[in-house]
Amino acid sequence: MLSHQKTLITFPSPLNQKTFVKLLTVLLLFVTIISPAHAATDYSQLVAIPSPVNGGMTSTTATYMKGVLGVPGALTTDCSAVTNANLKKLMVTDNVGLFRVTGLKPAVSTLKRIFAAVKRDKPEVYNQLGTAGMLCVRKVRGGADFSNHSWGTAIDLKMNGKLDAVGDGKTQLGLKELEPYFRAEKFYWGAGFGGAREDSMHFEASKQLMESWKAGGQLNP
Ligand SMILES: [Zn+2]
């Protein structure tokens, strides 16, 4: 009975077999030649930083931050723990979309809104988003005082798994696409630090945003 078993694909006539082969050829051509041209954009590619940035917002100094939230912990070179009891009460760990972060409560809530808007408007950018961290009590790299990561008000972002280089005067396409969303929520873009301090992977709560949180009682432990 073996000779009566059917093969997986049968062709009623030689013409249909030829048509099938032609269709298969066209499909293979599409897969190998045409569709790679429409492959996803790599949002880690470098582009020029637009000018001006931050629309009149100002960044916060460590002196200002200490005045508002106190000394966060030890002035270490690498990440150390928050030891300020009042500040600890304001720290939360939460999922902001594609990843979890630990940071100052109102800052984490703001990030959730920002990333939800990016997911809605620019899903391709959103899908390549990653983070290199938010809360980290430490000195500014190459500086003498605390980084704003020490109070959990700053976040470093990656695009397509890559970190943007500091001080090269360029940014990643994805970071440039994200900037209007951060600006709308009064987050200051580190591209504005300029020169050797240009840090476009970095977004932090601006002084204006800190002032509005303070006025609204959101910084009370
Ligand atoms: Zn940073």
# chains A, B, ... in the order shown; residues from 1 in each chain; ligands from 1

$ closest_atom_pairs --of "range 53-161 of chain A" --to "range 165-175 of chain A" --cutoff "10 Å" --atoms "only C-alpha atoms" --output "JSON lines"
{"residue": "A:Lys122", "atom": "CA", "partner": "A:Gly174", "partner_atom": "CA", "distance": 9.8}
{"residue": "A:Glu124", "atom": "CA", "partner": "A:Gly174", "partner_atom": "CA", "distance": 9.2}
{"residue": "A:Val125", "atom": "CA", "partner": "A:Gly174", "partner_atom": "CA", "distance": 5.9}
{"residue": "A:Tyr126", "atom": "CA", "partner": "A:Gly174", "partner_atom": "CA", "distance": 8.6}
{"residue": "A:Gln128", "atom": "CA", "partner": "A:Gly174", "partner_atom": "CA", "distance": 8.1}
{"residue": "A:Leu129", "atom": "CA", "partner": "A:Gly174", "partner_atom": "CA", "distance": 8.1}
{"residue": "A:Leu157", "atom": "CA", "partner": "A:Leu175", "partner_atom": "CA", "distance": 7.9}
{"residue": "A:Lys158", "atom": "CA", "partner": "A:Leu175", "partner_atom": "CA", "distance": 8.3}
{"residue": "A:Met159", "atom": "CA", "partner": "A:Gly174", "partner_atom": "CA", "distance": 6.3}
{"residue": "A:Asn160", "atom": "CA", "partner": "A:Gly174", "partner_atom": "CA", "distance": 8.9}

$ write_last_selection --atoms "C-alpha atoms" --output "mmCIF file, in the first residue's frame"
data_model
loop_
_atom_site.group_PDB
_atom_site.id
_atom_site.type_symbol
_atom_site.label_atom_id
_atom_site.label_comp_id
_atom_site.auth_asym_id
_atom_site.auth_seq_id
_atom_site.Cartn_x
_atom_site.Cartn_y
_atom_site.Cartn_z
ATOM 1 C CA LYS A 122 6.564 56.041 18.608
ATOM 2 C CA GLU A 124 9.613 51.624 17.260
ATOM 3 C CA VAL A 125 11.578 53.986 19.519
ATOM 4 C CA TYR A 126 9.875 52.575 22.605
ATOM 5 C CA GLN A 128 14.526 49.893 21.575
ATOM 6 C CA LEU A 129 14.518 51.653 24.959
ATOM 7 C CA LEU A 157 18.813 55.638 28.901
ATOM 8 C CA LYS A 158 20.118 53.208 26.323
ATOM 9 C CA MET A 159 18.915 52.759 22.770
ATOM 10 C CA ASN A 160 19.061 49.334 21.147
#

$ residues_around --residues "range 86-103 of chain A" --least-positions-apart "6" --cutoff "7 Å" --atoms "only C-alpha atoms" --output "JSON, numbers by chain"
{"A": [69, 72, 111, 112, 115, 133, 134, 135, 152, 153, 221]}

$ residues_near_ligand --ligand "ligand 1" --cutoff "12 Å" --atoms "only C-alpha atoms and all ligand atoms" --output "ChimeraX atom specification"
/A:131-141,146-158,163-166,188-191,193,197-205

$ select_by_dssp --residues "range 184-220 of chain A" --states "alpha helix (DSSP H)" --output "number ranges by chain"
A: 184, 207-215

$ write_last_selection --atoms "C-alpha atoms" --output "PDB file, in the first residue's frame"
ATOM      1  CA  ALA A 184       6.874  68.352  28.042  1.00  0.00           C
ATOM      2  CA  LYS A 207      14.701  73.031  38.849  1.00  0.00           C
ATOM      3  CA  GLN A 208      11.263  74.159  37.644  1.00  0.00           C
ATOM      4  CA  LEU A 209       9.873  70.638  38.136  1.00  0.00           C
ATOM      5  CA  MET A 210      11.489  70.305  41.582  1.00  0.00           C
ATOM      6  CA  GLU A 211       9.901  73.635  42.566  1.00  0.00           C
ATOM      7  CA  SER A 212       6.451  72.471  41.440  1.00  0.00           C
ATOM      8  CA  TRP A 213       6.820  69.176  43.363  1.00  0.00           C
ATOM      9  CA  LYS A 214       7.943  71.128  46.428  1.00  0.00           C
ATOM     10  CA  ALA A 215       4.975  73.533  46.153  1.00  0.00           C
TER      11      ALA A 215
END

$ closest_residue --among "A:Glu185, A:Ser59, A:Leu27, A:Cys79" --to "Pro106 in chain A" --atoms "only C-alpha atoms"
A:Glu185

$ atom_distance --atom1 "CA of Ser44 in chain A" --atom2 "CA of Ala107 in chain A"
24.6 Å

$ atom_distance --atom1 "CA of Ala196 in chain A" --atom2 "CA of Thr61 in chain A"
17.3 Å

$ closest_residue --among "A:Gln45, A:Thr25, A:Thr110, A:Thr58" --to "Glu177 in chain A" --atoms "only C-alpha atoms"
A:Gln45

$ closest_residue --among "A:Asn220, A:Ser51, A:Ser206, A:Ser109" --to "Phe187 in chain A" --atoms "only C-alpha atoms"
A:Ser206

$ select_by_dssp --residues "range 85-218 of chain A" --states "strand (DSSP E)" --output "JSON, numbers by chain"
{"A": [91, 92, 93, 94, 95, 100, 101, 102, 103, 104, 129, 130, 131, 132, 133, 154, 155, 156, 157, 158, 159, 170, 171, 172, 187, 188, 189, 202, 203, 204, 205]}
